[in-house]
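Asker: Please see the structure below; I have some questions.
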Amino acid sequence: MSKTIIVSNRLPVKISKTDNEYILSTSEGGLATGLGSVYKHGNNKWIGWPGIEITEADDRDKMTAQLDELSLVPVFLEQEEINQYYEGFSNEVLWPIFHYYISTYAVYKQSNWEYYNIVNNKFKDAILKIAQPGDVIWIHDYQLLLLPSLIRNELPDVSIGFFLHIPFPSQEMFRLIPWRYELLEGMLGSDLIGFHTYDDVRHFLGAATRILPVTSSANIITNGERSIVVESFPMGIDVKKYASLPLKKEVVEQIGSIKETFKNTKLILSIDRLDYSKGILQRLLAFEQLLQQHPEYCGKVTLHMIIVPSRDTVPQYAHLRDEIDKRVGNINGMYRNLDWTPIHYYYRSFPIETLSALYFAADVCLVTPMRDGMNLVSKEYVASRINDDGVLILSEMAGASKELIDALIVNPNNTNEVCNAIITALNMPPDEQKRRMQQMRQLVTKFNITHWVKIFMERLKEVKQMQRSMQTRHVSDGTEQSIINRYRKTKKRLIFLDYDGTLVGFKSNMAMAYPDKELLSLIDKLSSDRANDLVIISGRKHENIGEWFGDKDLYLIAEHGAWFKQKNTSWHKISGLSDSWKHDIYPVFETYVDRTPGSFIEEKTYSLVWHYRNAQKGLGELRANELMNNLKYIANDKGLQLLPGDKVLEVKNMEINKGKAALTLVDKKEYDFIIAFGDDYTDEDVFKALPDSAVTIKVGGNLSAAKFYLRNPTEVRKLLTNFTENVPVH
Ligand code: GDG
């Protein structure tokens, strides 16, 4: 039976050591709780570093056995590995870059990178010891970006999900990392890649398609033969726990004593790990401004600030801590009096009961990171407000701000704005507090951690199914043989061949995509069989198709069906169509050419095409969308169709369509074998128009009405070549 394996840098366990014994306690963090529903079942496991260095083999064995009882599997790391892979590469390259701290904090050391590789490989080895084909593997976070591909190479058939807990930066930022290719390729070993927000998804798609030779359509990346789905899954919290804690006796008591202590002042709460991304110094500035510019609040408001110690042996963090100490000292020194201290500052962690009491008692929660993947503190505050009161002030740079839109949303760099938000929060009428808090609680309740785990796992299953159904539709050896058998048995065959993308690959210059010798001889062979009627059916200009194939024994259909030609006859076009609309559309196209370097217009008899394959990446797509919107109404009025294609936007008379053109031939004779090959949108009309008995083959992996698909022109040529071999020529 297949199993699920969770993988993260740290195991969800705290380990302490007494004389010769290790004491294990499982972590209560949200992620551990949410994933508990997964890894604690059946054969499932969670793999990760236990969090302490254990060097002796005996101790390792003991620890492994103890962890096994909790369904946990350790990856033991040496101190040097922790220093270089975790501290060095993960925390001094990836963390700052992904949080938009460029050169000041990122350190690129080759040896850090090497250790990052070594440790990702160690994780791979640990996984390979227990994973089987068909298993599901869910990898977490920035310490393990290389792992998906490392596993994929060894076990191509497993399902791999990846979730990044921190933001994914814009490609401009990401590409600063010297090992950007390797990192992206590592991630693309996954089947499903999840982020907290849609912005992260966009950034990742942008980085992957600009930095690697992969393509994307909507949120699906095609990497060679594999399709990878990229989506946002905003992480939730264990909302039941936070909603029930304030009712616990112990918490009720703490709430009582907090309320007693702060009975004369309003309480603002802030909780963070010590990190420069959390905006702690900027927050202190805003609070200081409040006391300075609005002295009426002195004695009336207290900031309760908890900073959880983190990495404070690293100089930058030690420095940040000193700065915080200094600024808190200054503010308290300047404004305190005998009865009141403006900032209650704690540099340590507290039991969850104390956090809950604070969440419940605080009038305002002030969450102002400079950049944060999600930020769970803001959600925990909301979940704890079971009386629907209290005000959340939330930075627009936190992923949570995309969901908690009823918070007071601020830019953490704007001291004035944060200061004013505090004033608004302190004076917000109860009705408004309730209205906002109810909305936010509903959201946090629905999108809780269990929901998050469920939808991620379900999506991963769907993605795998989608990939499998594509595989079954791919023309396998068996299918190919049965198509060839049918071909051989039949005596009157009609073969439709699209040109660009089907018989030849795409070239950046259209004129370079001319037919090579191999293709011409293949076409000659096929058409020399008198049982075959061969049709080239293309969107290209008829002059162009005529120049390449005019002297061959072929039926030619050009410009999507506007022009027809048989051997030894001249071209004729379908009658009764008007091209007068071009007078209106051409000038619109010209304005886009003027605004988009590298783009140009191609004019055909009944269509105009705007080409942007040489325009700056991204800009072309943007303008094409704009142009589509611009033309939407006028196109309808004038009976035109807009055809977005591969780096082109074509406008043509609605009446012309490859499907209709194909049908005029189908009805001409009694064909006993019809086959059509095509790669784009316009070929779909052919697939749909042909009778059920026809074999339809889409080239490339996207959704299609065709019955089968082939990967690329090489596979098309191979199948056509097989048609010509060992067939009795009629
Ligand atoms: C990363 C991303 C993303 C805090 N103090 C105490 C304590 N905490 C708990 C909170 C909360 C957690 O720590 C902090 O979570 P955050 O989400 O705010 O931040 P990161 O640790 O930076 O986490 C972040 C997250 O991953 C999840 O994907 O949201 O953006 O940076 O749960 O309650 N817990 C206890 N005592 C404390 O003193 N027990």
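We label chains A, B, ... in the order they appear in the structure tokens, count residues from 1 in each chain, and number ligands from 1 in the order shown.
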Would you list the residues that come within 8 Å of ligand 1? Count only C-alpha atoms and all ligand atoms and give the answer as a PyMOL selection string.
Answerer: chain A and resi 28-31+164-167+196+235+237+271-273+306-308+348-352+355+371-378+380+398-400
Asker: So that I can check the secondary structure, give me every residue of region 65-162 of chain A assigned strand (DSSP E) by backbone DSSP, as a list in words.
Answerer: Leu72, Val73, Pro74, Val136, Ile137, Trp138, Ile139, His140, Ser159, Ile160, Gly161 and Phe162 of chain A
Asker: Please produce a file of those selected residues containing all heavy atoms, as a compact mmCIF listing (two decimals), in the first residue's frame.
Answerer:
# COMPACT_ATOMS: atom_id res chain seq x y z
N LEU A 72 8.50 9.22 13.27
CA LEU A 72 9.48 10.21 12.77
C LEU A 72 10.77 9.51 12.36
O LEU A 72 11.16 8.53 12.99
CB LEU A 72 9.77 11.23 13.86
CG LEU A 72 8.56 11.97 14.45
CD1 LEU A 72 8.99 12.90 15.58
CD2 LEU A 72 7.83 12.77 13.37
N VAL A 73 11.40 10.02 11.32
CA VAL A 73 12.66 9.43 10.84
C VAL A 73 13.72 10.52 10.82
O VAL A 73 13.52 11.56 10.18
CB VAL A 73 12.48 8.87 9.41
CG1 VAL A 73 13.79 8.29 8.89
CG2 VAL A 73 11.37 7.85 9.36
N PRO A 74 14.84 10.31 11.53
CA PRO A 74 15.84 11.39 11.61
C PRO A 74 16.81 11.43 10.43
O PRO A 74 17.14 10.40 9.85
CB PRO A 74 16.61 11.03 12.88
CG PRO A 74 16.53 9.53 12.94
CD PRO A 74 15.23 9.13 12.32
N VAL A 136 3.49 9.13 -1.85
CA VAL A 136 3.30 10.58 -1.94
C VAL A 136 4.33 11.24 -1.01
O VAL A 136 4.45 10.84 0.16
CB VAL A 136 1.88 10.95 -1.47
CG1 VAL A 136 1.69 12.45 -1.45
CG2 VAL A 136 0.84 10.28 -2.37
N ILE A 137 5.06 12.22 -1.53
CA ILE A 137 6.08 12.87 -0.71
C ILE A 137 5.80 14.37 -0.69
O ILE A 137 5.65 14.99 -1.75
CB ILE A 137 7.49 12.59 -1.29
CG1 ILE A 137 7.72 11.07 -1.32
CG2 ILE A 137 8.57 13.28 -0.47
CD1 ILE A 137 9.01 10.65 -1.97
N TRP A 138 5.67 14.92 0.52
CA TRP A 138 5.38 16.35 0.62
C TRP A 138 6.57 17.04 1.31
O TRP A 138 6.82 16.82 2.49
CB TRP A 138 4.08 16.59 1.38
CG TRP A 138 3.64 18.03 1.36
CD1 TRP A 138 4.25 19.05 0.70
CD2 TRP A 138 2.51 18.60 2.01
NE1 TRP A 138 3.56 20.22 0.91
CE2 TRP A 138 2.48 19.97 1.70
CE3 TRP A 138 1.50 18.07 2.83
CZ2 TRP A 138 1.51 20.84 2.20
CZ3 TRP A 138 0.52 18.94 3.32
CH2 TRP A 138 0.53 20.31 3.00
N ILE A 139 7.28 17.86 0.54
CA ILE A 139 8.50 18.51 1.02
C ILE A 139 8.20 19.96 1.41
O ILE A 139 7.49 20.66 0.69
CB ILE A 139 9.57 18.48 -0.09
CG1 ILE A 139 9.84 17.03 -0.49
CG2 ILE A 139 10.85 19.17 0.36
CD1 ILE A 139 10.61 16.90 -1.78
N HIS A 140 8.79 20.40 2.53
CA HIS A 140 8.53 21.75 3.01
C HIS A 140 9.76 22.64 3.03
O HIS A 140 10.79 22.25 3.58
CB HIS A 140 7.95 21.69 4.43
CG HIS A 140 6.57 21.14 4.45
ND1 HIS A 140 5.46 21.93 4.50
CD2 HIS A 140 6.14 19.86 4.38
CE1 HIS A 140 4.38 21.15 4.48
NE2 HIS A 140 4.77 19.89 4.40
N SER A 159 4.58 10.75 -6.28
CA SER A 159 3.96 12.09 -6.34
C SER A 159 4.75 12.98 -5.41
O SER A 159 4.93 12.64 -4.24
CB SER A 159 2.53 12.06 -5.80
OG SER A 159 1.75 11.24 -6.56
N ILE A 160 5.19 14.13 -5.93
CA ILE A 160 5.96 15.04 -5.06
C ILE A 160 5.27 16.39 -4.98
O ILE A 160 5.04 17.05 -6.00
CB ILE A 160 7.40 15.22 -5.59
CG1 ILE A 160 8.10 13.87 -5.74
CG2 ILE A 160 8.20 16.14 -4.66
CD1 ILE A 160 9.51 13.94 -6.28
N GLY A 161 4.93 16.78 -3.77
CA GLY A 161 4.39 18.12 -3.53
C GLY A 161 5.46 18.94 -2.83
O GLY A 161 6.27 18.40 -2.07
N PHE A 162 5.49 20.24 -3.12
CA PHE A 162 6.45 21.11 -2.43
C PHE A 162 5.71 22.34 -1.94
O PHE A 162 4.88 22.89 -2.67
CB PHE A 162 7.57 21.53 -3.40
CG PHE A 162 8.60 22.39 -2.72
CD1 PHE A 162 9.67 21.81 -2.07
CD2 PHE A 162 8.45 23.77 -2.69
CE1 PHE A 162 10.60 22.59 -1.40
CE2 PHE A 162 9.37 24.56 -2.01
CZ PHE A 162 10.45 23.97 -1.38
Asker: Counting only C-alpha atoms, figure out which residue out of A:Ile545, A:Val13, A:Leu494, A:Ala65 gets nearest to Ile52 (chain A).
Answerer: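 The answer is A:Val13, which sits nearest to Ile52 (chain A).
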Asker: Report the residues of region 460-633 of chain A whose backbone DSSP state falls under helix (DSSP H, G or I), written as a compact mmCIF listing (two decimals) with N, CA, C and O atoms, in the first residue's frame.
Answerer:
# COMPACT_ATOMS: atom_id res chain seq x y z
N LEU A 460 -2.78 17.47 -5.11
CA LEU A 460 -1.63 16.67 -5.54
C LEU A 460 -2.12 15.38 -6.21
O LEU A 460 -1.59 14.96 -7.25
N LYS A 461 -3.16 14.80 -5.64
CA LYS A 461 -3.72 13.59 -6.22
C LYS A 461 -4.28 13.90 -7.63
O LYS A 461 -4.04 13.17 -8.58
N GLU A 462 -5.01 15.02 -7.73
CA GLU A 462 -5.60 15.38 -9.03
C GLU A 462 -4.52 15.60 -10.09
O GLU A 462 -4.65 15.21 -11.24
N VAL A 463 -3.44 16.28 -9.66
CA VAL A 463 -2.36 16.57 -10.62
C VAL A 463 -1.77 15.27 -11.14
O VAL A 463 -1.52 15.12 -12.34
N LYS A 464 -1.58 14.32 -10.23
CA LYS A 464 -1.02 13.03 -10.65
C LYS A 464 -1.97 12.34 -11.63
O LYS A 464 -1.54 11.77 -12.63
N GLN A 465 -3.27 12.44 -11.31
CA GLN A 465 -4.24 11.80 -12.22
C GLN A 465 -4.21 12.46 -13.60
O GLN A 465 -4.26 11.80 -14.62
N MET A 466 -4.11 13.80 -13.58
CA MET A 466 -4.05 14.52 -14.85
C MET A 466 -2.84 14.04 -15.65
O MET A 466 -2.94 13.75 -16.84
N GLN A 467 -1.68 13.92 -14.96
CA GLN A 467 -0.48 13.47 -15.67
C GLN A 467 -0.67 12.06 -16.22
O GLN A 467 -0.27 11.75 -17.33
N ARG A 468 -1.33 11.20 -15.41
CA ARG A 468 -1.52 9.81 -15.87
C ARG A 468 -2.45 9.76 -17.07
O ARG A 468 -2.24 9.01 -18.00
N SER A 469 -3.51 10.60 -17.06
CA SER A 469 -4.44 10.52 -18.19
C SER A 469 -3.77 11.04 -19.45
O SER A 469 -4.06 10.57 -20.54
N MET A 470 -2.85 11.97 -19.30
CA MET A 470 -2.08 12.41 -20.47
C MET A 470 -1.24 11.26 -20.98
O MET A 470 -1.11 11.07 -22.18
N GLN A 471 -0.67 10.51 -20.04
CA GLN A 471 0.17 9.39 -20.46
C GLN A 471 -0.63 8.37 -21.25
O GLN A 471 -0.19 7.84 -22.25
N THR A 472 -1.87 8.12 -20.77
CA THR A 472 -2.64 7.09 -21.46
C THR A 472 -3.02 7.57 -22.85
O THR A 472 -3.20 6.78 -23.75
N ARG A 473 -3.15 8.89 -23.01
CA ARG A 473 -3.53 9.38 -24.33
C ARG A 473 -2.33 9.53 -25.27
O ARG A 473 -2.49 9.74 -26.45
N ASP A 477 3.38 2.64 -28.00
CA ASP A 477 3.74 1.69 -29.07
C ASP A 477 2.53 0.90 -29.54
O ASP A 477 2.33 0.70 -30.73
N GLY A 478 1.71 0.48 -28.56
CA GLY A 478 0.52 -0.31 -28.90
C GLY A 478 -0.44 0.48 -29.77
O GLY A 478 -0.92 -0.02 -30.81
N THR A 479 -0.72 1.72 -29.37
CA THR A 479 -1.65 2.55 -30.14
C THR A 479 -1.08 2.80 -31.53
O THR A 479 -1.79 2.74 -32.53
N GLU A 480 0.20 3.08 -31.56
CA GLU A 480 0.83 3.37 -32.85
C GLU A 480 0.64 2.18 -33.79
O GLU A 480 0.26 2.33 -34.96
N GLN A 481 0.85 0.98 -33.24
CA GLN A 481 0.72 -0.21 -34.07
C GLN A 481 -0.71 -0.36 -34.59
O GLN A 481 -0.93 -0.66 -35.76
N SER A 482 -1.69 -0.05 -33.73
CA SER A 482 -3.06 -0.26 -34.22
C SER A 482 -3.43 0.82 -35.24
O SER A 482 -4.18 0.55 -36.18
N ILE A 483 -2.87 2.04 -35.09
CA ILE A 483 -3.13 3.06 -36.12
C ILE A 483 -2.49 2.62 -37.44
O ILE A 483 -3.09 2.70 -38.52
N ILE A 484 -1.27 2.09 -37.35
CA ILE A 484 -0.58 1.65 -38.57
C ILE A 484 -1.35 0.50 -39.24
O ILE A 484 -1.51 0.46 -40.46
N ASN A 485 -1.85 -0.42 -38.41
CA ASN A 485 -2.63 -1.54 -38.97
C ASN A 485 -3.85 -1.04 -39.73
O ASN A 485 -4.14 -1.51 -40.82
N ARG A 486 -4.53 -0.06 -39.11
CA ARG A 486 -5.70 0.50 -39.81
C ARG A 486 -5.28 1.15 -41.11
O ARG A 486 -5.94 1.03 -42.14
N TYR A 487 -4.18 1.88 -41.04
CA TYR A 487 -3.66 2.57 -42.22
C TYR A 487 -3.42 1.56 -43.35
O TYR A 487 -3.81 1.76 -44.50
N ARG A 488 -2.80 0.44 -42.96
CA ARG A 488 -2.44 -0.55 -43.99
C ARG A 488 -3.67 -1.20 -44.63
O ARG A 488 -3.66 -1.51 -45.81
N LYS A 489 -4.69 -1.39 -43.81
CA LYS A 489 -5.87 -2.10 -44.32
C LYS A 489 -6.74 -1.21 -45.21
O LYS A 489 -7.58 -1.70 -45.93
N MET A 510 10.02 33.56 -38.72
CA MET A 510 9.06 32.70 -39.42
C MET A 510 9.59 32.09 -40.71
O MET A 510 9.29 30.96 -41.06
N ALA A 511 10.40 32.92 -41.42
CA ALA A 511 10.88 32.48 -42.73
C ALA A 511 11.88 31.34 -42.59
O ALA A 511 12.16 30.61 -43.54
N MET A 512 12.46 31.18 -41.40
CA MET A 512 13.46 30.12 -41.20
C MET A 512 12.83 28.74 -41.03
O MET A 512 13.53 27.73 -41.06
N LYS A 517 15.02 18.79 -46.05
CA LYS A 517 15.03 17.70 -47.04
C LYS A 517 14.27 16.49 -46.55
O LYS A 517 13.51 15.87 -47.29
N GLU A 518 14.51 16.14 -45.30
CA GLU A 518 13.88 14.95 -44.73
C GLU A 518 12.36 15.07 -44.82
O GLU A 518 11.67 14.14 -45.24
N LEU A 519 11.86 16.27 -44.49
CA LEU A 519 10.41 16.46 -44.50
C LEU A 519 9.86 16.38 -45.93
O LEU A 519 8.86 15.72 -46.20
N LEU A 520 10.58 17.02 -46.85
CA LEU A 520 10.10 17.01 -48.23
C LEU A 520 10.06 15.58 -48.78
O LEU A 520 9.10 15.19 -49.45
N SER A 521 11.07 14.79 -48.44
CA SER A 521 11.06 13.44 -49.01
C SER A 521 9.98 12.60 -48.34
O SER A 521 9.35 11.74 -48.97
N LEU A 522 9.72 12.85 -47.04
CA LEU A 522 8.65 12.14 -46.36
C LEU A 522 7.30 12.45 -47.02
O LEU A 522 6.47 11.56 -47.28
N ILE A 523 7.11 13.74 -47.33
CA ILE A 523 5.85 14.14 -47.96
C ILE A 523 5.72 13.52 -49.35
O ILE A 523 4.65 13.04 -49.75
N ASP A 524 6.83 13.48 -50.09
CA ASP A 524 6.80 12.86 -51.41
C ASP A 524 6.40 11.39 -51.32
O ASP A 524 5.58 10.90 -52.09
N LYS A 525 6.99 10.72 -50.33
CA LYS A 525 6.71 9.28 -50.18
C LYS A 525 5.24 9.06 -49.88
O LYS A 525 4.59 8.19 -50.46
N LEU A 526 4.75 9.86 -48.91
CA LEU A 526 3.34 9.68 -48.52
C LEU A 526 2.41 9.96 -49.69
O LEU A 526 1.44 9.25 -49.92
N SER A 527 2.72 11.04 -50.42
CA SER A 527 1.78 11.43 -51.47
C SER A 527 1.91 10.56 -52.71
O SER A 527 1.02 10.52 -53.56
N SER A 528 3.04 9.83 -52.82
CA SER A 528 3.18 8.97 -53.99
C SER A 528 2.26 7.74 -53.90
O SER A 528 2.01 7.08 -54.89
N HIS A 542 -0.89 32.09 -48.37
CA HIS A 542 -0.92 31.10 -49.45
C HIS A 542 0.31 31.20 -50.34
O HIS A 542 0.81 30.20 -50.86
N GLU A 543 0.86 32.44 -50.47
CA GLU A 543 2.07 32.59 -51.31
C GLU A 543 3.20 31.74 -50.73
O GLU A 543 3.95 31.08 -51.45
N ASN A 544 3.29 31.78 -49.42
CA ASN A 544 4.36 31.09 -48.71
C ASN A 544 4.21 29.56 -48.83
O ASN A 544 5.14 28.84 -49.22
N ILE A 545 3.01 29.08 -48.56
CA ILE A 545 2.75 27.64 -48.65
C ILE A 545 2.93 27.18 -50.10
O ILE A 545 3.49 26.11 -50.38
N GLY A 546 2.50 28.04 -51.05
CA GLY A 546 2.62 27.72 -52.47
C GLY A 546 4.08 27.59 -52.88
O GLY A 546 4.46 26.68 -53.62
N GLU A 547 4.89 28.50 -52.37
CA GLU A 547 6.32 28.49 -52.72
C GLU A 547 6.98 27.19 -52.26
O GLU A 547 7.79 26.59 -52.96
N TRP A 548 6.61 26.73 -51.07
CA TRP A 548 7.25 25.53 -50.52
C TRP A 548 6.67 24.24 -51.08
O TRP A 548 7.39 23.27 -51.29
N PHE A 549 5.35 24.21 -51.30
CA PHE A 549 4.72 22.92 -51.65
C PHE A 549 3.93 22.94 -52.96
O PHE A 549 3.28 21.96 -53.30
N GLU A 559 -3.99 30.10 -44.99
CA GLU A 559 -4.69 31.18 -44.29
C GLU A 559 -5.96 30.67 -43.61
O GLU A 559 -7.04 31.24 -43.76
N HIS A 560 -5.84 29.58 -42.91
CA HIS A 560 -6.93 28.97 -42.12
C HIS A 560 -8.13 28.55 -42.96
O HIS A 560 -9.22 28.39 -42.42
N GLY A 561 -7.96 28.43 -44.25
CA GLY A 561 -9.10 27.99 -45.06
C GLY A 561 -9.60 29.03 -46.04
O GLY A 561 -10.57 28.81 -46.74
N LYS A 582 -10.26 45.68 -42.44
CA LYS A 582 -8.83 45.92 -42.19
C LYS A 582 -8.52 47.41 -42.04
O LYS A 582 -7.60 47.78 -41.31
N HIS A 583 -9.31 48.27 -42.74
CA HIS A 583 -9.07 49.72 -42.64
C HIS A 583 -9.18 50.19 -41.21
O HIS A 583 -8.49 51.11 -40.79
N ASP A 584 -10.07 49.57 -40.46
CA ASP A 584 -10.24 49.99 -39.07
C ASP A 584 -9.23 49.35 -38.13
O ASP A 584 -8.77 49.95 -37.17
N ILE A 585 -8.90 48.09 -38.41
CA ILE A 585 -8.07 47.34 -37.45
C ILE A 585 -6.58 47.65 -37.64
O ILE A 585 -5.82 47.71 -36.67
N TYR A 586 -6.18 47.85 -38.89
CA TYR A 586 -4.75 48.05 -39.15
C TYR A 586 -4.14 49.18 -38.31
O TYR A 586 -3.10 49.00 -37.67
N PRO A 587 -4.80 50.36 -38.29
CA PRO A 587 -4.22 51.45 -37.49
C PRO A 587 -4.11 51.10 -36.01
O PRO A 587 -3.17 51.52 -35.33
N VAL A 588 -5.04 50.30 -35.50
CA VAL A 588 -4.95 49.89 -34.08
C VAL A 588 -3.69 49.04 -33.90
O VAL A 588 -2.90 49.24 -32.97
N PHE A 589 -3.49 48.09 -34.79
CA PHE A 589 -2.29 47.26 -34.73
C PHE A 589 -1.03 48.13 -34.78
O PHE A 589 -0.07 47.89 -34.07
N GLU A 590 -1.06 49.12 -35.65
CA GLU A 590 0.14 49.97 -35.79
C GLU A 590 0.51 50.66 -34.49
O GLU A 590 1.68 50.80 -34.17
N THR A 591 -0.49 51.08 -33.73
CA THR A 591 -0.14 51.75 -32.46
C THR A 591 0.57 50.75 -31.54
O THR A 591 1.45 51.12 -30.78
N TYR A 592 0.21 49.48 -31.63
CA TYR A 592 0.88 48.48 -30.79
C TYR A 592 2.30 48.21 -31.26
O TYR A 592 3.20 47.96 -30.47
N VAL A 593 2.49 48.25 -32.57
CA VAL A 593 3.85 48.08 -33.10
C VAL A 593 4.72 49.26 -32.64
O VAL A 593 5.87 49.09 -32.22
N ASP A 594 4.14 50.46 -32.66
CA ASP A 594 4.91 51.64 -32.24
C ASP A 594 5.28 51.58 -30.76
O ASP A 594 6.29 52.13 -30.34
N ARG A 595 4.45 50.94 -29.97
CA ARG A 595 4.70 50.91 -28.53
C ARG A 595 5.44 49.65 -28.09
O ARG A 595 5.78 49.54 -26.90
N LEU A 619 6.25 41.66 -21.81
CA LEU A 619 5.64 42.86 -22.39
C LEU A 619 4.72 42.46 -23.54
O LEU A 619 3.60 42.96 -23.67
N GLY A 620 5.20 41.53 -24.38
CA GLY A 620 4.41 41.08 -25.52
C GLY A 620 3.06 40.52 -25.07
O GLY A 620 2.01 40.89 -25.59
N GLU A 621 3.09 39.67 -24.04
CA GLU A 621 1.87 39.04 -23.52
C GLU A 621 0.92 40.11 -22.97
O GLU A 621 -0.29 40.08 -23.18
N LEU A 622 1.54 41.06 -22.27
CA LEU A 622 0.74 42.14 -21.67
C LEU A 622 0.01 42.93 -22.75
O LEU A 622 -1.19 43.17 -22.70
N ARG A 623 0.76 43.32 -23.77
CA ARG A 623 0.17 44.10 -24.87
C ARG A 623 -0.86 43.28 -25.65
O ARG A 623 -1.87 43.79 -26.09
N ALA A 624 -0.58 41.98 -25.82
CA ALA A 624 -1.53 41.14 -26.55
C ALA A 624 -2.86 41.10 -25.81
O ALA A 624 -3.93 41.20 -26.43
N ASN A 625 -2.79 41.01 -24.48
CA ASN A 625 -4.04 41.03 -23.69
C ASN A 625 -4.76 42.35 -23.85
O ASN A 625 -5.98 42.39 -23.99
N GLU A 626 -3.96 43.40 -23.81
CA GLU A 626 -4.53 44.75 -23.94
C GLU A 626 -5.21 44.88 -25.31
O GLU A 626 -6.33 45.35 -25.42
N LEU A 627 -4.51 44.38 -26.34
CA LEU A 627 -5.03 44.47 -27.70
C LEU A 627 -6.32 43.65 -27.83
O LEU A 627 -7.28 44.09 -28.47
N MET A 628 -6.35 42.50 -27.20
CA MET A 628 -7.56 41.67 -27.23
C MET A 628 -8.74 42.44 -26.63
O MET A 628 -9.83 42.45 -27.19
N ASN A 629 -8.48 43.06 -25.46
CA ASN A 629 -9.55 43.81 -24.80
C ASN A 629 -10.02 44.96 -25.68
O ASN A 629 -11.20 45.24 -25.79
N ASN A 630 -9.03 45.60 -26.28
CA ASN A 630 -9.29 46.74 -27.13
C ASN A 630 -10.19 46.37 -28.32
O ASN A 630 -11.04 47.14 -28.75
N LEU A 631 -9.98 45.15 -28.85
CA LEU A 631 -10.67 44.76 -30.08
C LEU A 631 -11.95 43.97 -29.85
O LEU A 631 -12.69 43.70 -30.80
N LYS A 632 -12.20 43.62 -28.58
CA LYS A 632 -13.31 42.71 -28.27
C LYS A 632 -14.63 43.12 -28.94
O LYS A 632 -15.26 42.34 -29.62
N TYR A 633 -15.01 44.39 -28.72
CA TYR A 633 -16.34 44.81 -29.18
C TYR A 633 -16.38 45.02 -30.68
O TYR A 633 -17.29 44.55 -31.37
